[in-house]
Amino acid sequence: MHRGNRHGRSEAAREAVLQAADDLVAEIGYAKVTIEGIAARAGVAKQTIYRWWRSKTDILVDAFAADSVQELTLPDTGAFRTDLRAHLDELVRFLEVSDSGAVFRALAGQAQHDPELATRLRAEVLPRLRARDRVPFDRAAARGELPADADVDLLVDQVVGPIHFRVLVTGEPVTPALLDALVTGAAQGRPEARTAAGKPGPRPGAGVGRSGGGEGC
């Protein structure tokens, strides 16, 4: 990725292009965004854009990757439930309200009939999002709040999947009640959720899909 020249001018232009692409997708939608429009909004020449990117899709992939790092801050409250709920609140705001979320929704829609973009999303964008979604679970495992044999990947799927399903597929609101249910389902994987007789309680994350109102996408 281009990091700018020693005077910082190239990096400033690059940041202006990424911000312009975000703004335009949120304002007029993916289909109407053009390289010309991005250049005009960013105040740069088209040739400057083509030095770094082949297409508007390339710009938007880079913009979303950068935004996800900046906007998903992963609060550390010291407890699994509050860590996870804080992250889910941020994730919902990011996907539903922010310009970055509009970019993500546009890219996800475009990927349905653009195999090259779909491959890039799976290789470059989704792994970064998933790594961030894992953080509350990994912290909880390190603190002993999850059983040593907890299937973290499955828990992440069961918690985050219903959110993406509603945002990208059904359009149903992601309500506080849904988030509460998802957090409660994930917390069932903690040692204290086991029965007094010493037998395992519900499998980690069991029932999350039912509480969430849908399967992960």
# chains A, B, ... in the order shown; residues from 1 in each chain; ligands from 1

call {"tool": "residues_around", "arguments": {"residues": "Val103 in chain A", "least_positions_apart": "3", "cutoff": "7 Å", "atoms": "only C-alpha atoms", "output": "PDB file with C-alpha atoms, in the first residue's frame"}}
result
ATOM      1  CA  ASP A  22     -16.710   6.886   1.450  1.00  0.00           C
ATOM      2  CA  VAL A  25     -21.117   5.954  -1.674  1.00  0.00           C
ATOM      3  CA  LEU A  60     -13.547   1.240  -1.670  1.00  0.00           C
ATOM      4  CA  PHE A  64     -13.221   0.027   4.215  1.00  0.00           C
ATOM      5  CA  ASP A  99     -20.321   5.889   5.838  1.00  0.00           C
ATOM      6  CA  SER A 100     -18.016   2.888   6.172  1.00  0.00           C
ATOM      7  CA  ALA A 106     -22.261  -1.768  -1.329  1.00  0.00           C
ATOM      8  CA  LEU A 107     -19.261  -4.061  -1.665  1.00  0.00           C
TER       9      LEU A 107
END

call {"tool": "select_by_dssp", "arguments": {"residues": "range 4-148 of chain A", "states": "alpha helix (DSSP H)", "output": "number ranges by chain"}}
result
A: 9-28, 35-42, 46-52, 56-71, 80-96, 99-110, 115-120, 126-143

call {"tool": "write_last_selection", "arguments": {"atoms": "C-alpha atoms", "output": "mmCIF file, in the first residue's frame"}}
result
data_model
loop_
_atom_site.group_PDB
_atom_site.id
_atom_site.type_symbol
_atom_site.label_atom_id
_atom_site.label_comp_id
_atom_site.auth_asym_id
_atom_site.auth_seq_id
_atom_site.Cartn_x
_atom_site.Cartn_y
_atom_site.Cartn_z
ATOM 1 C CA ARG A 9 1.729 15.133 0.125
ATOM 2 C CA SER A 10 0.995 11.792 -1.509
ATOM 3 C CA GLU A 11 -0.399 10.377 1.724
ATOM 4 C CA ALA A 12 -2.643 13.412 2.164
ATOM 5 C CA ALA A 13 -3.969 12.963 -1.377
ATOM 6 C CA ARG A 14 -4.525 9.264 -0.797
ATOM 7 C CA GLU A 15 -6.489 9.938 2.400
ATOM 8 C CA ALA A 16 -8.570 12.534 0.569
ATOM 9 C CA VAL A 17 -9.444 9.968 -2.120
ATOM 10 C CA LEU A 18 -10.478 7.347 0.443
ATOM 11 C CA GLN A 19 -12.636 9.861 2.304
ATOM 12 C CA ALA A 20 -14.216 11.091 -0.925
ATOM 13 C CA ALA A 21 -15.090 7.540 -1.945
ATOM 14 C CA ASP A 22 -16.710 6.886 1.450
ATOM 15 C CA ASP A 23 -18.720 10.097 1.272
ATOM 16 C CA LEU A 24 -19.962 9.523 -2.275
ATOM 17 C CA VAL A 25 -21.117 5.954 -1.674
ATOM 18 C CA ALA A 26 -23.073 7.114 1.379
ATOM 19 C CA GLU A 27 -24.598 10.021 -0.569
ATOM 20 C CA ILE A 28 -25.408 8.576 -4.008
ATOM 21 C CA ILE A 35 -13.467 7.799 -10.638
ATOM 22 C CA GLU A 36 -14.155 11.268 -12.033
ATOM 23 C CA GLY A 37 -16.514 12.037 -9.184
ATOM 24 C CA ILE A 38 -14.069 10.761 -6.571
ATOM 25 C CA ALA A 39 -11.268 12.853 -8.085
ATOM 26 C CA ALA A 40 -13.420 15.967 -8.082
ATOM 27 C CA ARG A 41 -14.527 15.480 -4.485
ATOM 28 C CA ALA A 42 -10.969 14.745 -3.317
ATOM 29 C CA LYS A 46 -7.634 11.241 -12.147
ATOM 30 C CA GLN A 47 -4.034 10.345 -12.954
ATOM 31 C CA THR A 48 -3.236 10.575 -9.241
ATOM 32 C CA ILE A 49 -5.935 8.016 -8.475
ATOM 33 C CA TYR A 50 -4.801 5.650 -11.197
ATOM 34 C CA ARG A 51 -1.277 5.656 -9.758
ATOM 35 C CA TRP A 52 -2.627 3.663 -6.810
ATOM 36 C CA LYS A 56 -13.470 2.503 -7.778
ATOM 37 C CA THR A 57 -13.915 -0.943 -6.240
ATOM 38 C CA ASP A 58 -10.215 -1.061 -5.353
ATOM 39 C CA ILE A 59 -10.540 2.336 -3.712
ATOM 40 C CA LEU A 60 -13.547 1.240 -1.670
ATOM 41 C CA VAL A 61 -11.892 -1.985 -0.510
ATOM 42 C CA ASP A 62 -8.930 0.023 0.782
ATOM 43 C CA ALA A 63 -11.225 2.628 2.326
ATOM 44 C CA PHE A 64 -13.221 0.027 4.215
ATOM 45 C CA ALA A 65 -10.131 -1.803 5.434
ATOM 46 C CA ALA A 66 -8.727 1.436 6.868
ATOM 47 C CA ASP A 67 -12.044 2.537 8.366
ATOM 48 C CA SER A 68 -12.642 -0.762 10.171
ATOM 49 C CA VAL A 69 -9.348 -0.376 12.031
ATOM 50 C CA GLN A 70 -10.042 3.244 12.963
ATOM 51 C CA GLU A 71 -13.695 2.940 13.937
ATOM 52 C CA PHE A 80 -16.516 -10.771 28.837
ATOM 53 C CA ARG A 81 -20.151 -9.663 28.828
ATOM 54 C CA THR A 82 -19.397 -5.960 28.845
ATOM 55 C CA ASP A 83 -16.505 -6.312 26.381
ATOM 56 C CA LEU A 84 -18.718 -8.212 23.961
ATOM 57 C CA ARG A 85 -21.717 -5.925 24.319
ATOM 58 C CA ALA A 86 -19.558 -2.824 23.793
ATOM 59 C CA HIS A 87 -18.051 -4.363 20.666
ATOM 60 C CA LEU A 88 -21.449 -5.359 19.292
ATOM 61 C CA ASP A 89 -22.815 -1.857 19.891
ATOM 62 C CA GLU A 90 -19.880 -0.432 17.930
ATOM 63 C CA LEU A 91 -20.240 -3.048 15.198
ATOM 64 C CA VAL A 92 -23.932 -2.272 14.689
ATOM 65 C CA ARG A 93 -23.274 1.467 14.531
ATOM 66 C CA PHE A 94 -20.400 0.853 12.110
ATOM 67 C CA LEU A 95 -22.441 -1.361 9.775
ATOM 68 C CA GLU A 96 -25.783 0.466 9.929
ATOM 69 C CA ASP A 99 -20.321 5.889 5.838
ATOM 70 C CA SER A 100 -18.016 2.888 6.172
ATOM 71 C CA GLY A 101 -21.012 0.644 6.684
ATOM 72 C CA ALA A 102 -22.548 1.992 3.495
ATOM 73 C CA VAL A 103 -19.330 1.047 1.697
ATOM 74 C CA PHE A 104 -19.409 -2.443 3.181
ATOM 75 C CA ARG A 105 -23.030 -3.003 2.190
ATOM 76 C CA ALA A 106 -22.261 -1.768 -1.329
ATOM 77 C CA LEU A 107 -19.261 -4.061 -1.665
ATOM 78 C CA ALA A 108 -21.157 -7.054 -0.305
ATOM 79 C CA GLY A 109 -23.936 -6.469 -2.832
ATOM 80 C CA GLN A 110 -21.526 -5.991 -5.728
ATOM 81 C CA PRO A 115 -16.283 -13.041 -8.493
ATOM 82 C CA GLU A 116 -13.024 -11.087 -8.392
ATOM 83 C CA LEU A 117 -14.411 -8.707 -5.783
ATOM 84 C CA ALA A 118 -15.857 -11.603 -3.792
ATOM 85 C CA THR A 119 -12.416 -13.206 -3.698
ATOM 86 C CA ARG A 120 -10.813 -9.957 -2.539
ATOM 87 C CA LEU A 126 -13.476 -10.295 6.026
ATOM 88 C CA PRO A 127 -10.461 -11.859 7.809
ATOM 89 C CA ARG A 128 -9.659 -8.455 9.323
ATOM 90 C CA LEU A 129 -13.223 -8.002 10.512
ATOM 91 C CA ARG A 130 -13.293 -11.514 11.933
ATOM 92 C CA ALA A 131 -10.005 -10.981 13.761
ATOM 93 C CA ARG A 132 -11.521 -7.940 15.456
ATOM 94 C CA ASP A 133 -14.725 -9.843 16.268
ATOM 95 C CA ARG A 134 -12.608 -12.507 17.988
ATOM 96 C CA VAL A 135 -10.902 -10.081 20.356
ATOM 97 C CA PRO A 136 -13.548 -10.104 23.155
ATOM 98 C CA PHE A 137 -13.597 -13.915 23.040
ATOM 99 C CA ASP A 138 -9.818 -14.244 23.069
ATOM 100 C CA ARG A 139 -9.600 -11.850 26.011
ATOM 101 C CA ALA A 140 -12.250 -13.849 27.845
ATOM 102 C CA ALA A 141 -10.392 -17.101 27.182
ATOM 103 C CA ALA A 142 -7.161 -15.570 28.511
ATOM 104 C CA ARG A 143 -8.974 -14.451 31.685
#

call {"tool": "closest_residue", "arguments": {"among": "A:Ala31, A:Leu155, A:Val125, A:Val97", "to": "Ala186 in chain A", "atoms": "only C-alpha atoms"}}
result
A:Leu155
